[in-house]
file structure.pdb (PDB, C-alpha atoms, pLDDT in the B column)
MODEL        1
ATOM      1  CA  MET A   1    -114.457  11.606 -48.606  1.00 59.00           C
ATOM      2  CA  GLY A   2    -117.369  12.851 -46.511  1.00 76.00           C
ATOM      3  CA  PHE A   3    -115.453  13.822 -43.372  1.00 88.00           C
ATOM      4  CA  GLN A   4    -113.524  16.920 -44.387  1.00 93.00           C
ATOM      5  CA  ASP A   5    -113.347  20.667 -43.914  1.00 93.00           C
ATOM      6  CA  THR A   6    -115.384  22.666 -46.420  1.00 92.00           C
ATOM      7  CA  PRO A   7    -115.042  26.260 -47.614  1.00 93.00           C
ATOM      8  CA  GLU A   8    -117.764  28.664 -46.526  1.00 95.00           C
ATOM      9  CA  GLU A   9    -117.974  32.441 -46.228  1.00 96.00           C
ATOM     10  CA  TRP A  10    -120.574  34.272 -44.153  1.00 97.00           C
ATOM     11  CA  GLN A  11    -121.703  37.740 -45.167  1.00 97.00           C
ATOM     12  CA  VAL A  12    -119.445  40.633 -44.160  1.00 98.00           C
ATOM     13  CA  THR A  13    -121.238  43.968 -43.962  1.00 98.00           C
ATOM     14  CA  ALA A  14    -118.183  46.119 -43.212  1.00 98.00           C
ATOM     15  CA  THR A  15    -114.426  45.717 -42.864  1.00 97.00           C
ATOM     16  CA  GLU A  16    -111.476  47.826 -41.762  1.00 97.00           C
ATOM     17  CA  THR A  17    -107.751  47.358 -41.129  1.00 96.00           C
ATOM     18  CA  PRO A  18    -106.826  49.185 -37.905  1.00 94.00           C
ATOM     19  CA  PHE A  19    -103.197  47.975 -37.964  1.00 94.00           C
ATOM     20  CA  THR A  20    -100.764  47.178 -40.761  1.00 94.00           C
ATOM     21  CA  GLY A  21     -97.361  45.723 -39.924  1.00 91.00           C
ATOM     22  CA  ASN A  22     -94.322  44.705 -41.907  1.00 88.00           C
ATOM     23  CA  LYS A  23     -95.598  41.246 -42.841  1.00 89.00           C
ATOM     24  CA  THR A  24     -99.027  40.932 -41.235  1.00 92.00           C
ATOM     25  CA  SER A  25    -101.985  43.129 -40.371  1.00 96.00           C
ATOM     26  CA  VAL A  26    -105.106  43.125 -38.196  1.00 97.00           C
ATOM     27  CA  ARG A  27    -108.531  43.202 -39.799  1.00 97.00           C
ATOM     28  CA  THR A  28    -111.933  43.851 -38.220  1.00 98.00           C
ATOM     29  CA  ASP A  29    -114.984  42.442 -39.993  1.00 98.00           C
ATOM     30  CA  GLU A  30    -118.673  42.886 -39.214  1.00 98.00           C
ATOM     31  CA  VAL A  31    -120.032  39.356 -39.778  1.00 98.00           C
ATOM     32  CA  VAL A  32    -123.677  38.285 -40.043  1.00 98.00           C
ATOM     33  CA  MET A  33    -124.381  35.301 -37.759  1.00 97.00           C
ATOM     34  CA  PRO A  34    -126.938  32.541 -38.556  1.00 96.00           C
ATOM     35  CA  ASP A  35    -129.493  34.213 -36.256  1.00 97.00           C
ATOM     36  CA  GLY A  36    -129.144  37.502 -38.152  1.00 96.00           C
ATOM     37  CA  LYS A  37    -127.066  39.309 -35.532  1.00 97.00           C
ATOM     38  CA  VAL A  38    -123.969  41.192 -36.686  1.00 98.00           C
ATOM     39  CA  VAL A  39    -120.794  40.743 -34.604  1.00 97.00           C
ATOM     40  CA  ARG A  40    -117.248  42.101 -34.845  1.00 97.00           C
ATOM     41  CA  ARG A  41    -114.427  39.667 -35.501  1.00 97.00           C
ATOM     42  CA  ASP A  42    -110.799  40.813 -35.193  1.00 97.00           C
ATOM     43  CA  TYR A  43    -108.100  38.624 -36.727  1.00 97.00           C
ATOM     44  CA  GLN A  44    -104.544  38.692 -38.002  1.00 96.00           C
ATOM     45  CA  VAL A  45    -104.107  38.631 -41.765  1.00 96.00           C
ATOM     46  CA  HIS A  46    -101.096  36.466 -42.653  1.00 96.00           C
ATOM     47  CA  PRO A  47     -99.423  35.666 -46.001  1.00 95.00           C
ATOM     48  CA  GLY A  48     -99.021  31.978 -45.140  1.00 95.00           C
ATOM     49  CA  SER A  49     -95.991  29.858 -44.281  1.00 97.00           C
ATOM     50  CA  VAL A  50     -94.096  26.712 -45.126  1.00 98.00           C
ATOM     51  CA  ALA A  51     -92.237  24.349 -42.805  1.00 98.00           C
ATOM     52  CA  VAL A  52     -89.879  21.452 -43.492  1.00 98.00           C
ATOM     53  CA  LEU A  53     -89.505  18.230 -41.554  1.00 98.00           C
ATOM     54  CA  ALA A  54     -86.105  17.196 -42.900  1.00 98.00           C
ATOM     55  CA  LEU A  55     -85.349  13.549 -42.088  1.00 98.00           C
ATOM     56  CA  ASP A  56     -81.843  12.132 -42.560  1.00 97.00           C
ATOM     57  CA  GLU A  57     -80.744   8.544 -43.222  1.00 97.00           C
ATOM     58  CA  GLU A  58     -80.515   7.857 -39.477  1.00 97.00           C
ATOM     59  CA  ASP A  59     -84.145   8.929 -38.873  1.00 96.00           C
ATOM     60  CA  ARG A  60     -83.006  12.167 -37.261  1.00 98.00           C
ATOM     61  CA  VAL A  61     -84.889  15.418 -37.784  1.00 98.00           C
ATOM     62  CA  VAL A  62     -83.164  18.734 -38.502  1.00 98.00           C
ATOM     63  CA  VAL A  63     -84.273  21.154 -35.771  1.00 98.00           C
ATOM     64  CA  LEU A  64     -83.462  24.722 -34.796  1.00 97.00           C
ATOM     65  CA  ARG A  65     -83.628  26.424 -31.409  1.00 96.00           C
ATOM     66  CA  GLN A  66     -84.801  30.018 -31.679  1.00 94.00           C
ATOM     67  CA  TYR A  67     -86.008  32.760 -29.339  1.00 94.00           C
ATOM     68  CA  ARG A  68     -89.686  33.648 -29.783  1.00 94.00           C
ATOM     69  CA  HIS A  69     -90.473  36.918 -28.058  1.00 93.00           C
ATOM     70  CA  PRO A  70     -94.305  36.705 -27.849  1.00 94.00           C
ATOM     71  CA  VAL A  71     -94.102  33.525 -25.735  1.00 96.00           C
ATOM     72  CA  ARG A  72     -90.789  34.404 -23.996  1.00 97.00           C
ATOM     73  CA  HIS A  73     -89.240  31.048 -24.844  1.00 96.00           C
ATOM     74  CA  LYS A  74     -86.479  29.523 -26.889  1.00 96.00           C
ATOM     75  CA  LEU A  75     -88.316  26.887 -28.908  1.00 97.00           C
ATOM     76  CA  TRP A  76     -87.043  23.864 -30.800  1.00 98.00           C
ATOM     77  CA  GLU A  77     -88.574  24.133 -34.267  1.00 98.00           C
ATOM     78  CA  ILE A  78     -88.284  22.713 -37.761  1.00 98.00           C
ATOM     79  CA  PRO A  79     -87.102  25.088 -40.528  1.00 97.00           C
ATOM     80  CA  ALA A  80     -89.941  27.385 -41.588  1.00 97.00           C
ATOM     81  CA  GLY A  81     -90.661  30.744 -43.113  1.00 95.00           C
ATOM     82  CA  LEU A  82     -93.197  33.076 -44.675  1.00 95.00           C
ATOM     83  CA  LEU A  83     -94.554  32.956 -48.195  1.00 94.00           C
ATOM     84  CA  ASP A  84     -93.049  36.334 -48.969  1.00 84.00           C
ATOM     85  CA  ILE A  85     -94.197  36.496 -52.595  1.00 86.00           C
ATOM     86  CA  PRO A  86     -97.937  36.330 -53.413  1.00 83.00           C
ATOM     87  CA  GLY A  87     -98.659  33.158 -55.380  1.00 85.00           C
ATOM     88  CA  GLU A  88     -95.182  31.751 -54.690  1.00 90.00           C
ATOM     89  CA  ASN A  89     -94.793  28.006 -55.179  1.00 96.00           C
ATOM     90  CA  PRO A  90     -94.622  26.680 -51.587  1.00 97.00           C
ATOM     91  CA  LEU A  91     -92.113  23.972 -52.543  1.00 98.00           C
ATOM     92  CA  HIS A  92     -89.669  26.618 -53.753  1.00 97.00           C
ATOM     93  CA  ALA A  93     -90.187  28.581 -50.534  1.00 97.00           C
ATOM     94  CA  ALA A  94     -89.577  25.449 -48.439  1.00 98.00           C
ATOM     95  CA  GLN A  95     -86.383  24.636 -50.317  1.00 96.00           C
ATOM     96  CA  ARG A  96     -85.196  28.189 -49.719  1.00 94.00           C
ATOM     97  CA  GLU A  97     -85.935  28.034 -45.998  1.00 95.00           C
ATOM     98  CA  LEU A  98     -84.145  24.707 -45.579  1.00 96.00           C
ATOM     99  CA  TYR A  99     -81.096  26.169 -47.296  1.00 95.00           C
ATOM    100  CA  GLU A 100     -81.130  29.476 -45.413  1.00 92.00           C
ATOM    101  CA  GLU A 101     -81.785  28.108 -41.932  1.00 93.00           C
ATOM    102  CA  ALA A 102     -79.995  24.746 -42.013  1.00 94.00           C
ATOM    103  CA  TYR A 103     -77.678  24.891 -45.076  1.00 93.00           C
ATOM    104  CA  VAL A 104     -79.226  21.621 -46.255  1.00 96.00           C
ATOM    105  CA  LYS A 105     -80.771  20.457 -49.526  1.00 96.00           C
ATOM    106  CA  ALA A 106     -83.010  17.437 -50.140  1.00 98.00           C
ATOM    107  CA  GLU A 107     -83.686  15.237 -53.136  1.00 97.00           C
ATOM    108  CA  ASP A 108     -87.071  13.810 -52.104  1.00 98.00           C
ATOM    109  CA  TRP A 109     -89.979  16.095 -51.181  1.00 98.00           C
ATOM    110  CA  ARG A 110     -93.557  15.242 -50.178  1.00 98.00           C
ATOM    111  CA  VAL A 111     -96.443  17.162 -48.616  1.00 98.00           C
ATOM    112  CA  LEU A 112     -96.749  15.932 -45.046  1.00 98.00           C
ATOM    113  CA  THR A 113     -99.778  17.968 -43.962  1.00 98.00           C
ATOM    114  CA  ASP A 114    -101.548  21.333 -44.306  1.00 98.00           C
ATOM    115  CA  VAL A 115    -102.836  23.227 -41.266  1.00 98.00           C
ATOM    116  CA  TYR A 116    -104.422  26.482 -40.144  1.00 97.00           C
ATOM    117  CA  THR A 117    -102.353  27.434 -37.103  1.00 95.00           C
ATOM    118  CA  THR A 118    -104.894  29.493 -35.118  1.00 95.00           C
ATOM    119  CA  PRO A 119    -108.122  29.727 -37.159  1.00 96.00           C
ATOM    120  CA  GLY A 120    -110.017  31.485 -34.364  1.00 95.00           C
ATOM    121  CA  GLY A 121    -107.797  34.558 -34.581  1.00 96.00           C
ATOM    122  CA  CYS A 122    -105.533  34.347 -37.634  1.00 97.00           C
ATOM    123  CA  ASP A 123    -105.888  33.231 -41.260  1.00 96.00           C
ATOM    124  CA  GLU A 124    -102.353  31.773 -41.410  1.00 97.00           C
ATOM    125  CA  ALA A 125    -102.132  28.569 -43.440  1.00 97.00           C
ATOM    126  CA  VAL A 126     -99.005  26.393 -43.237  1.00 98.00           C
ATOM    127  CA  ARG A 127     -97.889  23.619 -45.555  1.00 98.00           C
ATOM    128  CA  ILE A 128     -95.509  21.187 -43.832  1.00 98.00           C
ATOM    129  CA  PHE A 129     -93.232  19.234 -46.154  1.00 98.00           C
ATOM    130  CA  LEU A 130     -91.304  16.037 -45.579  1.00 98.00           C
ATOM    131  CA  ALA A 131     -87.799  16.280 -47.063  1.00 98.00           C
ATOM    132  CA  ARG A 132     -85.457  13.288 -47.364  1.00 98.00           C
ATOM    133  CA  ASN A 133     -82.153  12.296 -48.992  1.00 98.00           C
ATOM    134  CA  LEU A 134     -80.376  15.209 -47.345  1.00 97.00           C
ATOM    135  CA  SER A 135     -76.972  16.647 -48.154  1.00 96.00           C
ATOM    136  CA  GLU A 136     -75.069  19.842 -47.486  1.00 92.00           C
ATOM    137  CA  ALA A 137     -76.227  22.752 -49.621  1.00 89.00           C
ATOM    138  CA  ASP A 138     -74.131  24.361 -52.323  1.00 83.00           C
ATOM    139  CA  GLY A 139     -72.908  27.960 -52.357  1.00 72.00           C
ATOM    140  CA  GLU A 140     -72.406  30.528 -49.632  1.00 70.00           C
ATOM    141  CA  ARG A 141     -74.188  30.289 -46.310  1.00 68.00           C
ATOM    142  CA  PHE A 142     -77.092  32.671 -45.819  1.00 60.00           C
ATOM    143  CA  GLU A 143     -76.232  35.624 -43.595  1.00 67.00           C
ATOM    144  CA  VAL A 144     -78.537  35.573 -40.572  1.00 60.00           C
ATOM    145  CA  SER A 145     -79.571  38.473 -38.335  1.00 54.00           C
ATOM    146  CA  GLU A 146     -81.827  39.406 -35.397  1.00 58.00           C
ATOM    147  CA  GLU A 147     -83.267  36.313 -33.619  1.00 61.00           C
ATOM    148  CA  GLU A 148     -81.742  33.995 -36.212  1.00 62.00           C
ATOM    149  CA  ALA A 149     -78.235  35.129 -35.272  1.00 67.00           C
ATOM    150  CA  ASP A 150     -78.672  33.261 -31.973  1.00 79.00           C
ATOM    151  CA  MET A 151     -80.096  30.104 -33.546  1.00 87.00           C
ATOM    152  CA  GLU A 152     -78.818  26.628 -32.631  1.00 93.00           C
ATOM    153  CA  LEU A 153     -78.902  23.697 -35.054  1.00 95.00           C
ATOM    154  CA  ALA A 154     -79.222  19.997 -34.196  1.00 97.00           C
ATOM    155  CA  ARG A 155     -80.328  16.635 -35.540  1.00 98.00           C
ATOM    156  CA  VAL A 156     -82.558  14.734 -33.134  1.00 98.00           C
ATOM    157  CA  PRO A 157     -84.015  11.211 -33.479  1.00 98.00           C
ATOM    158  CA  LEU A 158     -87.663  11.317 -34.526  1.00 98.00           C
ATOM    159  CA  GLN A 159     -88.846   9.244 -31.570  1.00 98.00           C
ATOM    160  CA  GLU A 160     -87.018  11.500 -29.098  1.00 98.00           C
ATOM    161  CA  LEU A 161     -88.964  14.452 -30.472  1.00 98.00           C
ATOM    162  CA  VAL A 162     -92.226  12.510 -30.196  1.00 98.00           C
ATOM    163  CA  ARG A 163     -91.475  11.787 -26.542  1.00 98.00           C
ATOM    164  CA  GLY A 164     -90.710  15.464 -25.967  1.00 98.00           C
ATOM    165  CA  VAL A 165     -94.006  16.502 -27.548  1.00 98.00           C
ATOM    166  CA  LEU A 166     -96.059  14.072 -25.457  1.00 98.00           C
ATOM    167  CA  ALA A 167     -94.185  15.043 -22.293  1.00 98.00           C
ATOM    168  CA  GLY A 168     -95.069  18.703 -22.818  1.00 98.00           C
ATOM    169  CA  ASP A 169     -91.444  19.728 -23.392  1.00 98.00           C
ATOM    170  CA  LEU A 170     -91.767  20.799 -27.053  1.00 98.00           C
ATOM    171  CA  HIS A 171     -94.420  23.306 -28.139  1.00 98.00           C
ATOM    172  CA  ASN A 172     -93.787  24.672 -31.632  1.00 97.00           C
ATOM    173  CA  ASN A 173     -96.890  23.825 -33.640  1.00 97.00           C
ATOM    174  CA  CYS A 174     -95.127  22.890 -36.891  1.00 98.00           C
ATOM    175  CA  LEU A 175     -92.717  20.596 -35.046  1.00 98.00           C
ATOM    176  CA  VAL A 176     -95.551  18.987 -33.054  1.00 98.00           C
ATOM    177  CA  VAL A 177     -97.787  18.440 -36.084  1.00 98.00           C
ATOM    178  CA  GLY A 178     -94.866  17.362 -38.247  1.00 98.00           C
ATOM    179  CA  VAL A 179     -93.344  14.705 -36.006  1.00 98.00           C
ATOM    180  CA  LEU A 180     -96.713  13.233 -34.981  1.00 98.00           C
ATOM    181  CA  SER A 181     -97.898  13.154 -38.602  1.00 98.00           C
ATOM    182  CA  LEU A 182     -94.737  11.447 -39.796  1.00 98.00           C
ATOM    183  CA  THR A 183     -94.908   8.902 -36.983  1.00 98.00           C
ATOM    184  CA  THR A 184     -98.488   8.087 -38.006  1.00 98.00           C
ATOM    185  CA  VAL A 185     -97.488   7.736 -41.659  1.00 98.00           C
ATOM    186  CA  LEU A 186     -94.577   5.417 -40.829  1.00 97.00           C
ATOM    187  CA  ALA A 187     -96.848   3.230 -38.677  1.00 97.00           C
ATOM    188  CA  GLY A 188     -99.585   3.190 -41.324  1.00 95.00           C
ATOM    189  CA  ASP A 189     -99.630   3.521 -45.093  1.00 96.00           C
ATOM    190  CA  GLY A 190     -95.989   4.588 -45.498  1.00 97.00           C
ATOM    191  CA  ILE A 191     -94.263   7.585 -47.041  1.00 97.00           C
ATOM    192  CA  GLU A 192     -95.300   6.621 -50.577  1.00 96.00           C
ATOM    193  CA  SER A 193     -98.901   7.377 -49.555  1.00 97.00           C
ATOM    194  CA  LEU A 194     -98.126  11.078 -49.029  1.00 98.00           C
ATOM    195  CA  ARG A 195     -99.174  13.694 -51.559  1.00 98.00           C
ATOM    196  CA  PRO A 196     -96.629  14.906 -54.128  1.00 98.00           C
ATOM    197  CA  ALA A 197     -94.625  18.033 -53.296  1.00 97.00           C
ATOM    198  CA  GLU A 198     -96.627  20.229 -55.676  1.00 96.00           C
ATOM    199  CA  ALA A 199    -100.094  18.991 -54.711  1.00 97.00           C
ATOM    200  CA  PRO A 200    -102.795  21.694 -54.912  1.00 96.00           C
ATOM    201  CA  TRP A 201    -103.197  23.885 -51.843  1.00 96.00           C
ATOM    202  CA  PRO A 202    -106.540  25.724 -51.916  1.00 95.00           C
ATOM    203  CA  ALA A 203    -105.643  27.807 -48.847  1.00 95.00           C
ATOM    204  CA  ARG A 204    -102.764  29.419 -50.766  1.00 94.00           C
ATOM    205  CA  PRO A 205    -103.145  28.812 -54.530  1.00 93.00           C
ATOM    206  CA  PHE A 206     -99.905  28.861 -56.522  1.00 93.00           C
ATOM    207  CA  GLU A 207     -98.518  28.295 -59.998  1.00 83.00           C
ATOM    208  CA  VAL A 208     -96.488  25.131 -60.578  1.00 77.00           C
TER     209      VAL A 208
ENDMDL
END
call {"tool": "encode", "arguments": {"input": "structure.pdb", "output": "structure tokens"}}
result
Amino acid sequence: MGFQDTPEEWQVTATETPFTGNKTSVRTDEVVMPDGKVVRRDYQVHPGSVAVLALDEEDRVVVLRQYRHPVRHKLWEIPAGLLDIPGENPLHAAQRELYEEAYVKAEDWRVLTDVYTTPGGCDEAVRIFLARNLSEADGERFEVSEEEADMELARVPLQELVRGVLAGDLHNNCLVVGVLSLTTVLAGDGIESLRPAEAPWPARPFEV
């Protein structure tokens, strides 16, 4: 395949971390440009994330409505969460998030797509999974807190979400990418064409 993103790393002459938070930090690099000039680039350092487009037998998607303070909105989203453990298998993280946020488990898992959310200002990489053959999870429900304590849960037809995205009513990036990707797959080569759940992920290498 000739038309694809390729890894590349320009020379960094100096780096510092002016802010370190609970899960992320801000880094400032001095980067050498092609013309030889050195410029400062500030960006958020992020551990990476997983998201799950969980599709039930009626072609409905499991979605959550959650308050997001930076944008001052309650957004409809698909279950998602951070890769809290360095080198963690993203499939295991996705299964955990689906259980914790939606109390759902799935028998069939595929990689739907991999994205960099905001590559101009953050190194966050997200793997979005497609999960099917859903059923209620086993065991106790996960105890939620903070923003998650106000979360709403729903199952919405896939095509209704697509209409909401195109109308400008839905904005969460994982939901937008997920529902449009799945719609393309269903209209094209089919779900069997998707990568297996533990396909390599160079942006966040992991052990199977």
call {"tool": "atom_distance", "arguments": {"input": "structure.pdb", "atom1": "CA of Arg60 (chain A)", "atom2": "CA of Gly188 (chain A)"}}
result
19.3 Å
call {"tool": "closest_residue", "arguments": {"input": "structure.pdb", "among": "A:His46, A:Lys23, A:Arg40, A:Arg204", "to": "Cys122 (chain A)", "atoms": "all atoms listed in the file"}}
result
A:His46
call {"tool": "residues_around", "arguments": {"input": "structure.pdb", "residues": "Val104 (chain A)", "least_positions_apart": "3", "cutoff": "7 Å", "atoms": "all atoms listed in the file", "output": "count of residues only"}}
result
6
call {"tool": "resolve_selection", "arguments": {"input": "structure.pdb", "expression": "the PyMOL selection byres ((chain A and resi 191) around 12)", "output": "PyMOL selection string"}}
result
chain A and resi 55+108-112+129-132+181-190+192-196
call {"tool": "residues_around", "arguments": {"input": "structure.pdb", "residues": "Glu97 (chain A)", "least_positions_apart": "5", "cutoff": "12 Å", "atoms": "only C-alpha atoms", "output": "list of chain:residue names"}}
result
A:Ser49, A:Val50, A:Ala51, A:Val52, A:Leu53, A:Ala54, A:Leu64, A:Ile78, A:Pro79, A:Ala80, A:Gly81, A:Leu82, A:Leu83, A:Asp84, A:Pro90, A:Leu91, A:His92, A:Ala102, A:Tyr103, A:Val104, A:Lys105, A:Ala106, A:Ile128, A:Phe129, A:Ala131, A:Ala137, A:Arg141, A:Phe142, A:Val144
call {"tool": "resolve_selection", "arguments": {"input": "structure.pdb", "expression": "the PyMOL selection byres ((chain A and resi 6-14) around 7)", "output": "JSON, numbers by chain"}}
result
{"A": [4, 5, 15, 29, 30, 31, 32]}
call {"tool": "closest_residue", "arguments": {"input": "structure.pdb", "among": "A:Val162, A:Ala125, A:Ala167, A:Leu175", "to": "Arg65 (chain A)", "atoms": "all atoms listed in the file"}}
result
A:Leu175
call {"tool": "resolve_selection", "arguments": {"input": "structure.pdb", "expression": "the PyMOL selection byres ((chain A and resi 86) around 10)", "output": "PyMOL selection string"}}
result
chain A and resi 47-48+83-85+87-89+204-206
call {"tool": "atom_distance", "arguments": {"input": "structure.pdb", "atom1": "CA of Leu161 (chain A)", "atom2": "CA of Pro200 (chain A)"}}
result
29.0 Å
call {"tool": "closest_residue", "arguments": {"input": "structure.pdb", "among": "A:Glu124, A:Asp169, A:Glu160, A:Glu57", "to": "Thr24 (chain A)", "atoms": "only C-alpha atoms"}}
result
A:Glu124
call {"tool": "closest_residue", "arguments": {"input": "structure.pdb", "among": "A:Pro119, A:Gln159, A:Gly2, A:His69", "to": "Val176 (chain A)", "atoms": "only C-alpha atoms"}}
result
A:Gln159
call {"tool": "closest_residue", "arguments": {"input": "structure.pdb", "among": "A:Asp150, A:Asp114, A:Glu107, A:Glu140", "to": "Arg127 (chain A)", "atoms": "all atoms listed in the file"}}
result
A:Asp114
